[in-house]
file data.txt (compact mmCIF, C-alpha atoms)
# COMPACT_ATOMS: atom_id res chain seq x y z
CA MET A 1 2.80 3.27 14.93
CA LEU A 2 -0.75 3.82 13.61
CA THR A 3 -3.19 4.22 16.48
CA ARG A 4 -6.63 4.91 15.00
CA ILE A 5 -8.84 5.11 11.96
CA ASP A 6 -8.63 8.89 11.62
CA HIS A 7 -11.10 9.31 8.80
CA ILE A 8 -12.78 7.89 5.73
CA GLY A 9 -12.44 10.25 2.77
CA ILE A 10 -15.57 10.32 0.57
CA ALA A 11 -15.58 12.14 -2.77
CA CYS A 12 -18.79 13.90 -3.79
CA PHE A 13 -19.99 16.21 -6.54
CA ASP A 14 -21.92 18.60 -4.26
CA LEU A 15 -20.55 19.07 -0.75
CA ASP A 16 -23.59 20.90 0.61
CA ALA A 17 -26.00 18.21 -0.64
CA THR A 18 -23.82 15.44 0.76
CA VAL A 19 -23.47 17.15 4.14
CA GLU A 20 -27.24 17.48 4.19
CA PHE A 21 -27.67 13.77 3.36
CA TYR A 22 -25.49 12.75 6.33
CA ARG A 23 -27.28 15.21 8.65
CA ALA A 24 -30.81 14.30 7.60
CA THR A 25 -30.22 10.54 7.41
CA TYR A 26 -28.02 9.89 10.44
CA GLY A 27 -27.90 13.13 12.43
CA PHE A 28 -24.17 13.65 11.79
CA GLU A 29 -23.20 17.31 12.20
CA VAL A 30 -20.41 19.26 10.54
CA PHE A 31 -17.41 19.65 12.86
CA HIS A 32 -15.23 21.68 10.49
CA VAL A 33 -15.23 23.00 6.91
CA GLU A 34 -12.29 24.30 4.93
CA VAL A 35 -10.86 24.72 1.44
CA ASN A 36 -7.49 23.04 0.89
CA GLU A 37 -6.13 24.74 -2.22
CA GLU A 38 -3.08 22.49 -2.44
CA GLN A 39 -5.28 19.37 -2.50
CA GLY A 40 -7.87 21.14 -4.68
CA VAL A 41 -10.83 20.32 -2.43
CA ARG A 42 -13.51 21.87 -0.31
CA GLU A 43 -14.11 19.53 2.58
CA ALA A 44 -16.34 18.95 5.59
CA MET A 45 -15.32 16.88 8.59
CA LEU A 46 -18.11 15.04 10.45
CA LYS A 47 -16.92 13.72 13.82
CA ILE A 48 -18.34 10.25 14.47
CA ASN A 49 -16.61 9.08 17.66
CA GLU A 50 -13.60 9.61 19.86
CA THR A 51 -10.84 7.02 19.89
CA SER A 52 -8.74 5.27 22.54
CA ASP A 53 -5.56 7.12 21.52
CA GLY A 54 -7.07 10.51 22.45
CA GLY A 55 -8.07 11.35 18.87
CA ALA A 56 -11.28 10.92 16.91
CA SER A 57 -12.69 9.30 13.79
CA TYR A 58 -14.34 11.44 11.13
CA LEU A 59 -16.03 11.20 7.79
CA GLN A 60 -14.26 13.61 5.45
CA LEU A 61 -16.52 14.74 2.60
CA LEU A 62 -14.52 16.06 -0.36
CA GLU A 63 -15.74 18.21 -3.27
CA PRO A 64 -13.17 19.15 -5.90
CA VAL A 65 -12.64 22.87 -6.42
CA ARG A 66 -11.17 22.20 -9.89
CA GLU A 67 -11.67 19.35 -12.33
CA ASP A 68 -7.95 18.66 -12.69
CA SER A 69 -7.41 18.09 -8.97
CA PRO A 70 -6.75 14.48 -7.92
CA VAL A 71 -10.24 14.19 -6.40
CA GLY A 72 -11.79 15.85 -9.47
CA LYS A 73 -10.12 13.36 -11.80
CA TRP A 74 -11.03 10.45 -9.54
CA LEU A 75 -14.70 11.54 -9.45
CA ALA A 76 -14.83 11.80 -13.23
CA ARG A 77 -13.63 8.18 -13.51
CA HIS A 78 -15.38 6.54 -10.56
CA GLY A 79 -18.35 8.67 -9.58
CA GLU A 80 -19.08 9.35 -5.93
CA GLY A 81 -17.76 6.97 -3.28
CA VAL A 82 -14.98 6.20 -0.84
CA HIS A 83 -11.82 7.89 -2.11
CA HIS A 84 -9.31 6.99 0.64
CA ILE A 85 -8.89 5.86 4.21
CA ALA A 86 -6.64 7.52 6.80
CA PHE A 87 -4.82 6.17 9.82
CA GLY A 88 -3.80 8.48 12.66
CA THR A 89 -0.28 8.39 14.06
CA PRO A 90 1.61 10.57 16.53
CA ASP A 91 4.56 10.70 14.07
CA VAL A 92 3.68 10.92 10.40
CA ASP A 93 7.33 11.50 9.43
CA GLY A 94 8.51 8.35 11.18
CA ALA A 95 5.55 6.32 9.96
CA ALA A 96 6.15 7.42 6.36
CA ARG A 97 9.84 6.50 6.64
CA ALA A 98 8.99 3.10 8.11
CA VAL A 99 6.44 2.33 5.42
CA ARG A 100 8.77 3.50 2.64
CA GLY A 101 11.41 1.20 4.09
CA LYS A 102 9.05 -1.73 3.56
CA GLY A 103 8.83 -0.94 -0.16
CA VAL A 104 5.52 0.96 -0.20
CA ARG A 105 5.59 4.08 -2.37
CA VAL A 106 4.94 7.26 -0.34
CA LEU A 107 3.50 9.96 -2.61
CA TYR A 108 5.07 13.02 -0.97
CA ASP A 109 8.75 13.61 -0.15
CA GLU A 110 7.64 15.48 2.97
CA PRO A 111 4.21 15.54 4.67
CA ARG A 112 1.83 18.27 3.53
CA THR A 113 -0.99 20.14 5.26
CA GLY A 114 -4.28 18.26 5.69
CA SER A 115 -7.56 18.91 7.48
CA MET A 116 -7.54 21.16 10.53
CA GLY A 117 -3.82 21.84 10.37
CA SER A 118 -2.80 18.19 10.37
CA ARG A 119 0.27 16.84 8.56
CA ILE A 120 -0.45 14.13 6.01
CA THR A 121 1.01 11.88 3.40
CA PHE A 122 -0.44 9.28 1.05
CA LEU A 123 0.63 5.76 0.10
CA HIS A 124 0.29 4.47 -3.44
CA PRO A 125 -2.92 2.42 -3.74
CA LYS A 126 -1.22 -0.13 -6.01
CA ASP A 127 1.13 -0.94 -3.13
CA CYS A 128 -1.79 -1.20 -0.66
CA HIS A 129 -4.12 -3.75 -2.30
CA GLY A 130 -6.09 -1.04 -4.11
CA VAL A 131 -6.65 1.25 -1.14
CA LEU A 132 -5.42 4.85 -1.33
CA THR A 133 -4.11 5.17 2.23
CA GLU A 134 -3.34 8.38 4.11
CA LEU A 135 -1.21 8.76 7.24
CA VAL A 136 -2.09 11.76 9.40
CA THR A 137 -0.80 13.48 12.51
CA SER A 138 -3.25 15.93 14.06
CA ALA A 139 -2.22 19.51 14.78
CA PRO A 140 -0.75 19.80 18.32
CA GLU A 141 -3.58 21.90 19.77
CA GLN A 142 -6.20 19.28 19.04
CA MET B 1 -28.38 6.56 16.58
CA LEU B 2 -25.00 5.67 14.99
CA THR B 3 -22.21 5.93 17.54
CA ARG B 4 -18.99 4.84 15.84
CA ILE B 5 -17.18 3.89 12.67
CA ASP B 6 -17.39 0.13 13.26
CA HIS B 7 -15.29 -0.97 10.32
CA ILE B 8 -14.06 -0.34 6.80
CA GLY B 9 -14.75 -3.33 4.56
CA ILE B 10 -11.94 -3.96 2.05
CA ALA B 11 -12.33 -6.52 -0.74
CA CYS B 12 -9.26 -8.53 -1.73
CA PHE B 13 -8.39 -11.44 -3.98
CA ASP B 14 -6.16 -13.25 -1.48
CA LEU B 15 -7.03 -12.85 2.19
CA ASP B 16 -3.83 -14.36 3.53
CA ALA B 17 -1.64 -12.10 1.39
CA THR B 18 -3.66 -9.03 2.36
CA VAL B 19 -3.53 -9.88 6.06
CA GLU B 20 0.23 -10.26 5.69
CA PHE B 21 0.47 -6.85 3.97
CA TYR B 22 -1.30 -5.12 6.87
CA ARG B 23 0.81 -6.99 9.45
CA ALA B 24 4.16 -6.41 7.76
CA THR B 25 3.49 -2.79 6.77
CA TYR B 26 1.70 -1.41 9.83
CA GLY B 27 1.89 -4.09 12.52
CA PHE B 28 -1.88 -4.69 12.52
CA GLU B 29 -2.74 -8.13 13.91
CA VAL B 30 -5.69 -10.37 13.14
CA PHE B 31 -8.36 -10.16 15.84
CA HIS B 32 -10.79 -12.66 14.33
CA VAL B 33 -11.24 -14.79 11.20
CA GLU B 34 -14.41 -16.48 9.97
CA VAL B 35 -16.27 -17.67 6.90
CA ASN B 36 -19.71 -16.12 6.40
CA GLU B 37 -21.43 -18.49 3.99
CA GLU B 38 -24.52 -16.29 3.65
CA GLN B 39 -22.39 -13.33 2.57
CA GLY B 40 -20.09 -15.60 0.55
CA VAL B 41 -16.88 -14.31 2.14
CA ARG B 42 -13.91 -15.37 4.20
CA GLU B 43 -12.97 -12.42 6.35
CA ALA B 44 -10.38 -11.19 8.81
CA MET B 45 -11.01 -8.44 11.34
CA LEU B 46 -8.05 -6.26 12.33
CA LYS B 47 -8.80 -4.16 15.42
CA ILE B 48 -7.35 -0.66 15.04
CA ASN B 49 -8.67 1.26 18.07
CA GLU B 50 -11.37 1.30 20.71
CA THR B 51 -14.14 3.88 20.48
CA SER B 52 -15.90 6.24 22.89
CA ASP B 53 -19.17 4.25 22.76
CA GLY B 54 -17.49 1.15 24.27
CA GLY B 55 -16.95 -0.54 20.89
CA ALA B 56 -14.04 -0.62 18.49
CA SER B 57 -13.06 0.19 14.91
CA TYR B 58 -11.75 -2.55 12.64
CA LEU B 59 -10.51 -3.13 9.15
CA GLN B 60 -12.54 -5.99 7.69
CA LEU B 61 -10.66 -7.79 4.91
CA LEU B 62 -13.00 -9.75 2.64
CA GLU B 63 -12.14 -12.53 0.19
CA PRO B 64 -15.03 -14.04 -1.78
CA VAL B 65 -15.56 -17.78 -1.35
CA ARG B 66 -17.49 -17.91 -4.63
CA GLU B 67 -17.36 -15.73 -7.73
CA ASP B 68 -21.11 -15.08 -7.76
CA SER B 69 -21.16 -13.63 -4.23
CA PRO B 70 -21.74 -9.87 -3.99
CA VAL B 71 -18.08 -9.28 -3.05
CA GLY B 72 -16.92 -11.65 -5.81
CA LYS B 73 -18.92 -9.76 -8.43
CA TRP B 74 -17.76 -6.41 -7.05
CA LEU B 75 -14.09 -7.50 -7.20
CA ALA B 76 -14.46 -8.66 -10.80
CA ARG B 77 -15.75 -5.20 -11.76
CA HIS B 78 -13.65 -2.92 -9.54
CA GLY B 79 -10.55 -4.81 -8.47
CA GLU B 80 -9.33 -4.63 -4.90
CA GLY B 81 -10.32 -1.67 -2.74
CA VAL B 82 -12.77 -0.28 -0.20
CA HIS B 83 -16.04 -2.18 -0.62
CA HIS B 84 -18.18 -0.62 2.14
CA ILE B 85 -18.15 1.34 5.38
CA ALA B 86 -20.02 0.37 8.54
CA PHE B 87 -21.45 2.42 11.38
CA GLY B 88 -22.04 0.86 14.81
CA THR B 89 -25.36 1.33 16.58
CA PRO B 90 -26.88 -0.16 19.73
CA ASP B 91 -30.12 -0.82 17.77
CA VAL B 92 -29.73 -1.92 14.16
CA ASP B 93 -33.47 -2.66 13.84
CA GLY B 94 -34.44 0.84 14.95
CA ALA B 95 -31.70 2.48 12.89
CA ALA B 96 -32.77 0.56 9.77
CA ARG B 97 -36.40 1.58 10.30
CA ALA B 98 -35.40 5.21 10.81
CA VAL B 99 -33.25 5.30 7.71
CA ARG B 100 -35.91 3.53 5.61
CA GLY B 101 -38.38 6.15 6.82
CA LYS B 102 -36.14 8.83 5.29
CA GLY B 103 -36.39 7.19 1.88
CA VAL B 104 -33.09 5.28 1.85
CA ARG B 105 -33.38 1.72 0.52
CA VAL B 106 -32.43 -0.89 3.13
CA LEU B 107 -31.27 -4.06 1.38
CA TYR B 108 -32.57 -6.65 3.91
CA ASP B 109 -36.08 -6.96 5.32
CA GLU B 110 -34.54 -8.05 8.62
CA PRO B 111 -30.92 -7.76 9.82
CA ARG B 112 -28.68 -10.74 9.05
CA THR B 113 -25.63 -12.18 10.79
CA GLY B 114 -22.34 -10.31 10.35
CA SER B 115 -18.83 -10.57 11.78
CA MET B 116 -18.42 -12.03 15.26
CA GLY B 117 -22.13 -12.68 15.75
CA SER B 118 -23.19 -9.11 15.02
CA ARG B 119 -26.49 -8.17 13.35
CA ILE B 120 -26.14 -6.15 10.17
CA THR B 121 -27.98 -4.57 7.31
CA PHE B 122 -26.88 -2.61 4.24
CA LEU B 123 -28.13 0.61 2.63
CA HIS B 124 -28.27 1.01 -1.13
CA PRO B 125 -25.17 2.88 -2.33
CA LYS B 126 -27.19 4.85 -4.89
CA ASP B 127 -29.16 6.36 -1.99
CA CYS B 128 -25.94 7.15 -0.06
CA HIS B 129 -23.88 9.20 -2.54
CA GLY B 130 -22.13 6.12 -3.90
CA VAL B 131 -21.14 4.57 -0.57
CA LEU B 132 -22.34 1.05 0.26
CA THR B 133 -23.16 1.59 3.92
CA GLU B 134 -23.62 -1.05 6.60
CA LEU B 135 -25.31 -0.65 9.97
CA VAL B 136 -24.12 -3.08 12.66
CA THR B 137 -24.97 -3.99 16.23
CA SER B 138 -22.29 -6.04 17.97
CA ALA B 139 -23.15 -9.33 19.66
CA PRO B 140 -24.13 -8.76 23.33
CA GLU B 141 -21.07 -10.52 24.80
CA GLN B 142 -18.64 -8.13 23.17
call {"tool": "encode", "arguments": {"input": "data.txt", "output": "structure tokens"}}
result
Amino acid sequence: MLTRIDHIGIACFDLDATVEFYRATYGFEVFHVEVNEEQGVREAMLKINETSDGGASYLQLLEPVREDSPVGKWLARHGEGVHHIAFGTPDVDGAARAVRGKGVRVLYDEPRTGSMGSRITFLHPKDCHGVLTELVTSAPEQ
Amino acid sequence: MLTRIDHIGIACFDLDATVEFYRATYGFEVFHVEVNEEQGVREAMLKINETSDGGASYLQLLEPVREDSPVGKWLARHGEGVHHIAFGTPDVDGAARAVRGKGVRVLYDEPRTGSMGSRITFLHPKDCHGVLTELVTSAPEQ
């Protein structure tokens, strides 16, 4: 059902400075940058490796574009750090239904748009031993 | 230098219950279990996918074996959640030297023993935008 670690979502106050930290320290390059207005973030994807299911694993660096976005509120409480983890699946709708059927709260009624045209949903961290967990299906062309 | 997301380290109060959550919810199976006395943890590795560098990506579930271990103290402050992220490298000694040379604090003078006979070190989270970051070289036989 879930076939890879798709990404680790890291919340930061200053996206450009954080991108530069990962470039200067480890040599990781930016693969993609976008603003997701619905999620209230500006984000950079750093591709780390490809995966055995034909996908890839990324770091996703997230800067809130407004203080009242979920990531903005999380940053104000926690400071910078790992915000969520994401598993890749070929079928986010089916995976969300299956997980909901096991009693885990799924935060969206229907998947929404994530990085690079993907379709995503989130699982309630209180139902996942404290881990905000995303399920993601990549856009078809990728 | 760093060629994969090796694992996501997740701290939990009850390893058996957390393993069962990941099995029942997603179908993830335990790949390896061990106690690391030096780190003060009992841990389970769940293999999620293989990676393009010939390694793999895991979830590492960590239960403290004593309250005064680093993970035990972290759990008491934060509750359950993502404790650290780890990047795989063929040369943890060289990677640690390189990162130290860029002004990032490396927590061990020499790498120590991690999961499945790997050699590991940690980078100070305050130097890594809030993310406790591990560097890991797998044991040769893997």
call {"tool": "interface_residues", "arguments": {"input": "data.txt", "of": "chain B", "to": "chain A", "cutoff": "10 Å", "atoms": "all atoms listed in the file", "output": "number ranges by chain"}}
result
B: 1-8, 10-14, 17-18, 21-22, 24-28, 47-59, 78-85, 87, 95, 98-104, 125-132
call {"tool": "atom_distance", "arguments": {"input": "data.txt", "atom1": "atom CA of Thr89 of chain A", "atom2": "atom CA of Leu62 of chain B"}}
result
24.9 Å
call {"tool": "residues_near_point", "arguments": {"input": "data.txt", "point": "(2.2, 14.8, 0.9)", "cutoff": "7 Å", "atoms": "only C-alpha atoms", "output": "mmCIF file with C-alpha atoms, in the coordinates of the input"}}
result
data_model
loop_
_atom_site.group_PDB
_atom_site.id
_atom_site.type_symbol
_atom_site.label_atom_id
_atom_site.label_comp_id
_atom_site.auth_asym_id
_atom_site.auth_seq_id
_atom_site.Cartn_x
_atom_site.Cartn_y
_atom_site.Cartn_z
ATOM 1 C CA LEU A 107 3.500 9.960 -2.610
ATOM 2 C CA TYR A 108 5.070 13.020 -0.970
ATOM 3 C CA ASP A 109 8.750 13.610 -0.150
ATOM 4 C CA GLU A 110 7.640 15.480 2.970
ATOM 5 C CA PRO A 111 4.210 15.540 4.670
ATOM 6 C CA ARG A 112 1.830 18.270 3.530
ATOM 7 C CA ILE A 120 -0.450 14.130 6.010
ATOM 8 C CA THR A 121 1.010 11.880 3.400
ATOM 9 C CA PHE A 122 -0.440 9.280 1.050
#
call {"tool": "atom_distance", "arguments": {"input": "data.txt", "atom1": "atom CA of Ser138 of chain B", "atom2": "atom CA of Ser115 of chain B"}}
result
8.4 Å
call {"tool": "residues_around", "arguments": {"input": "data.txt", "residues": "segment 32-34 of chain A", "least_positions_apart": "2", "cutoff": "8 Å", "atoms": "all atoms listed in the file", "output": "PyMOL selection string"}}
result
chain A and resi 30+36+42-46+115-116
call {"tool": "atom_distance", "arguments": {"input": "data.txt", "atom1": "atom CA of Gly9 of chain B", "atom2": "atom CA of Glu134 of chain B"}}
result
9.4 Å
call {"tool": "residues_near_point", "arguments": {"input": "data.txt", "point": "(-23.6, -5.7, 15.4)", "cutoff": "6 Å", "atoms": "all atoms listed in the file", "output": "list in words"}}
result
Ser118, Arg119, Ile120, Val136, Thr137, Ser138 and Ala139 of chain B
call {"tool": "axis_aligned_box", "arguments": {"input": "data.txt", "around": "segment 114-129 of chain B", "padding_each_side": "8 Å", "output": "lines of an AutoDock Vina configuration file"}}
result
center_x = -23.8
center_y = -1.7
center_z = 5.4
size_x = 26.7
size_y = 37.9
size_z = 36.6
call {"tool": "closest_residue", "arguments": {"input": "data.txt", "among": "B:Pro64, B:Gly117, B:Pro90, B:Pro140", "to": "Gly40 of chain B", "atoms": "only C-alpha atoms"}}
result
B:Pro64
call {"tool": "build_atoms", "arguments": {"input": "data.txt", "residues": "segment 50-61 of chain A", "atoms": "all heavy atoms", "output": "PDB file, keeping the file's coordinate frame"}}
result
ATOM      1  N   GLU A  50     -14.956   9.440  19.368  1.00  0.00           N
ATOM      2  CA  GLU A  50     -13.600   9.610  19.860  1.00  0.00           C
ATOM      3  C   GLU A  50     -12.932   8.246  19.940  1.00  0.00           C
ATOM      4  O   GLU A  50     -13.609   7.208  19.906  1.00  0.00           O
ATOM      5  CB  GLU A  50     -13.619  10.349  21.207  1.00  0.00           C
ATOM      6  CG  GLU A  50     -14.177  11.757  20.999  1.00  0.00           C
ATOM      7  CD  GLU A  50     -14.241  12.614  22.244  1.00  0.00           C
ATOM      8  OE1 GLU A  50     -14.265  12.054  23.349  1.00  0.00           O
ATOM      9  OE2 GLU A  50     -14.286  13.854  22.081  1.00  0.00           O
ATOM     10  N   THR A  51     -11.596   8.259  19.989  1.00  0.00           N
ATOM     11  CA  THR A  51     -10.840   7.020  19.890  1.00  0.00           C
ATOM     12  C   THR A  51      -9.909   6.859  21.096  1.00  0.00           C
ATOM     13  O   THR A  51      -9.584   7.840  21.774  1.00  0.00           O
ATOM     14  CB  THR A  51     -10.003   7.007  18.600  1.00  0.00           C
ATOM     15  OG1 THR A  51      -9.188   8.187  18.556  1.00  0.00           O
ATOM     16  CG2 THR A  51     -10.901   6.990  17.377  1.00  0.00           C
ATOM     17  N   SER A  52      -9.485   5.621  21.324  1.00  0.00           N
ATOM     18  CA  SER A  52      -8.740   5.270  22.540  1.00  0.00           C
ATOM     19  C   SER A  52      -7.343   5.864  22.582  1.00  0.00           C
ATOM     20  O   SER A  52      -6.677   5.786  23.614  1.00  0.00           O
ATOM     21  CB  SER A  52      -8.673   3.749  22.662  1.00  0.00           C
ATOM     22  OG  SER A  52      -8.371   3.136  21.413  1.00  0.00           O
ATOM     23  N   ASP A  53      -6.878   6.482  21.507  1.00  0.00           N
ATOM     24  CA  ASP A  53      -5.560   7.120  21.520  1.00  0.00           C
ATOM     25  C   ASP A  53      -5.669   8.628  21.801  1.00  0.00           C
ATOM     26  O   ASP A  53      -4.686   9.347  21.660  1.00  0.00           O
ATOM     27  CB  ASP A  53      -4.837   6.884  20.182  1.00  0.00           C
ATOM     28  CG  ASP A  53      -5.532   7.570  19.022  1.00  0.00           C
ATOM     29  OD1 ASP A  53      -6.695   8.007  19.185  1.00  0.00           O
ATOM     30  OD2 ASP A  53      -4.920   7.670  17.937  1.00  0.00           O
ATOM     31  N   GLY A  54      -6.886   9.093  22.166  1.00  0.00           N
ATOM     32  CA  GLY A  54      -7.070  10.510  22.450  1.00  0.00           C
ATOM     33  C   GLY A  54      -7.477  11.327  21.233  1.00  0.00           C
ATOM     34  O   GLY A  54      -7.668  12.542  21.339  1.00  0.00           O
ATOM     35  N   GLY A  55      -7.624  10.680  20.086  1.00  0.00           N
ATOM     36  CA  GLY A  55      -8.070  11.350  18.870  1.00  0.00           C
ATOM     37  C   GLY A  55      -9.538  11.103  18.589  1.00  0.00           C
ATOM     38  O   GLY A  55     -10.339  10.879  19.509  1.00  0.00           O
ATOM     39  N   ALA A  56      -9.892  11.128  17.320  1.00  0.00           N
ATOM     40  CA  ALA A  56     -11.280  10.920  16.910  1.00  0.00           C
ATOM     41  C   ALA A  56     -11.299  10.362  15.500  1.00  0.00           C
ATOM     42  O   ALA A  56     -10.295  10.413  14.773  1.00  0.00           O
ATOM     43  CB  ALA A  56     -12.055  12.239  16.975  1.00  0.00           C
ATOM     44  N   SER A  57     -12.451   9.796  15.148  1.00  0.00           N
ATOM     45  CA  SER A  57     -12.690   9.300  13.790  1.00  0.00           C
ATOM     46  C   SER A  57     -13.750  10.175  13.127  1.00  0.00           C
ATOM     47  O   SER A  57     -14.783  10.478  13.732  1.00  0.00           O
ATOM     48  CB  SER A  57     -13.180   7.848  13.814  1.00  0.00           C
ATOM     49  OG  SER A  57     -12.183   6.972  14.293  1.00  0.00           O
ATOM     50  N   TYR A  58     -13.483  10.528  11.884  1.00  0.00           N
ATOM     51  CA  TYR A  58     -14.340  11.440  11.130  1.00  0.00           C
ATOM     52  C   TYR A  58     -14.733  10.809   9.789  1.00  0.00           C
ATOM     53  O   TYR A  58     -14.012   9.964   9.247  1.00  0.00           O
ATOM     54  CB  TYR A  58     -13.576  12.730  10.798  1.00  0.00           C
ATOM     55  CG  TYR A  58     -13.099  13.524  11.967  1.00  0.00           C
ATOM     56  CD1 TYR A  58     -11.878  13.235  12.590  1.00  0.00           C
ATOM     57  CD2 TYR A  58     -13.843  14.592  12.473  1.00  0.00           C
ATOM     58  CE1 TYR A  58     -11.421  13.968  13.675  1.00  0.00           C
ATOM     59  CE2 TYR A  58     -13.385  15.337  13.556  1.00  0.00           C
ATOM     60  CZ  TYR A  58     -12.178  15.018  14.146  1.00  0.00           C
ATOM     61  OH  TYR A  58     -11.726  15.759  15.225  1.00  0.00           O
ATOM     62  N   LEU A  59     -15.833  11.283   9.237  1.00  0.00           N
ATOM     63  CA  LEU A  59     -16.030  11.200   7.790  1.00  0.00           C
ATOM     64  C   LEU A  59     -15.513  12.510   7.220  1.00  0.00           C
ATOM     65  O   LEU A  59     -15.800  13.593   7.752  1.00  0.00           O
ATOM     66  CB  LEU A  59     -17.507  11.055   7.420  1.00  0.00           C
ATOM     67  CG  LEU A  59     -18.241   9.803   7.860  1.00  0.00           C
ATOM     68  CD1 LEU A  59     -19.624   9.777   7.208  1.00  0.00           C
ATOM     69  CD2 LEU A  59     -17.465   8.543   7.561  1.00  0.00           C
ATOM     70  N   GLN A  60     -14.771  12.420   6.138  1.00  0.00           N
ATOM     71  CA  GLN A  60     -14.260  13.610   5.450  1.00  0.00           C
ATOM     72  C   GLN A  60     -14.920  13.643   4.075  1.00  0.00           C
ATOM     73  O   GLN A  60     -14.634  12.786   3.226  1.00  0.00           O
ATOM     74  CB  GLN A  60     -12.744  13.506   5.306  1.00  0.00           C
ATOM     75  CG  GLN A  60     -12.095  14.691   4.621  1.00  0.00           C
ATOM     76  CD  GLN A  60     -10.619  14.424   4.342  1.00  0.00           C
ATOM     77  OE1 GLN A  60     -10.296  13.451   3.682  1.00  0.00           O
ATOM     78  NE2 GLN A  60      -9.744  15.281   4.844  1.00  0.00           N
ATOM     79  N   LEU A  61     -15.815  14.602   3.880  1.00  0.00           N
ATOM     80  CA  LEU A  61     -16.520  14.740   2.600  1.00  0.00           C
ATOM     81  C   LEU A  61     -15.752  15.729   1.732  1.00  0.00           C
ATOM     82  O   LEU A  61     -15.431  16.838   2.186  1.00  0.00           O
ATOM     83  CB  LEU A  61     -17.952  15.210   2.848  1.00  0.00           C
ATOM     84  CG  LEU A  61     -18.749  14.374   3.854  1.00  0.00           C
ATOM     85  CD1 LEU A  61     -20.138  14.962   4.054  1.00  0.00           C
ATOM     86  CD2 LEU A  61     -18.825  12.917   3.420  1.00  0.00           C
TER      87      LEU A  61
END
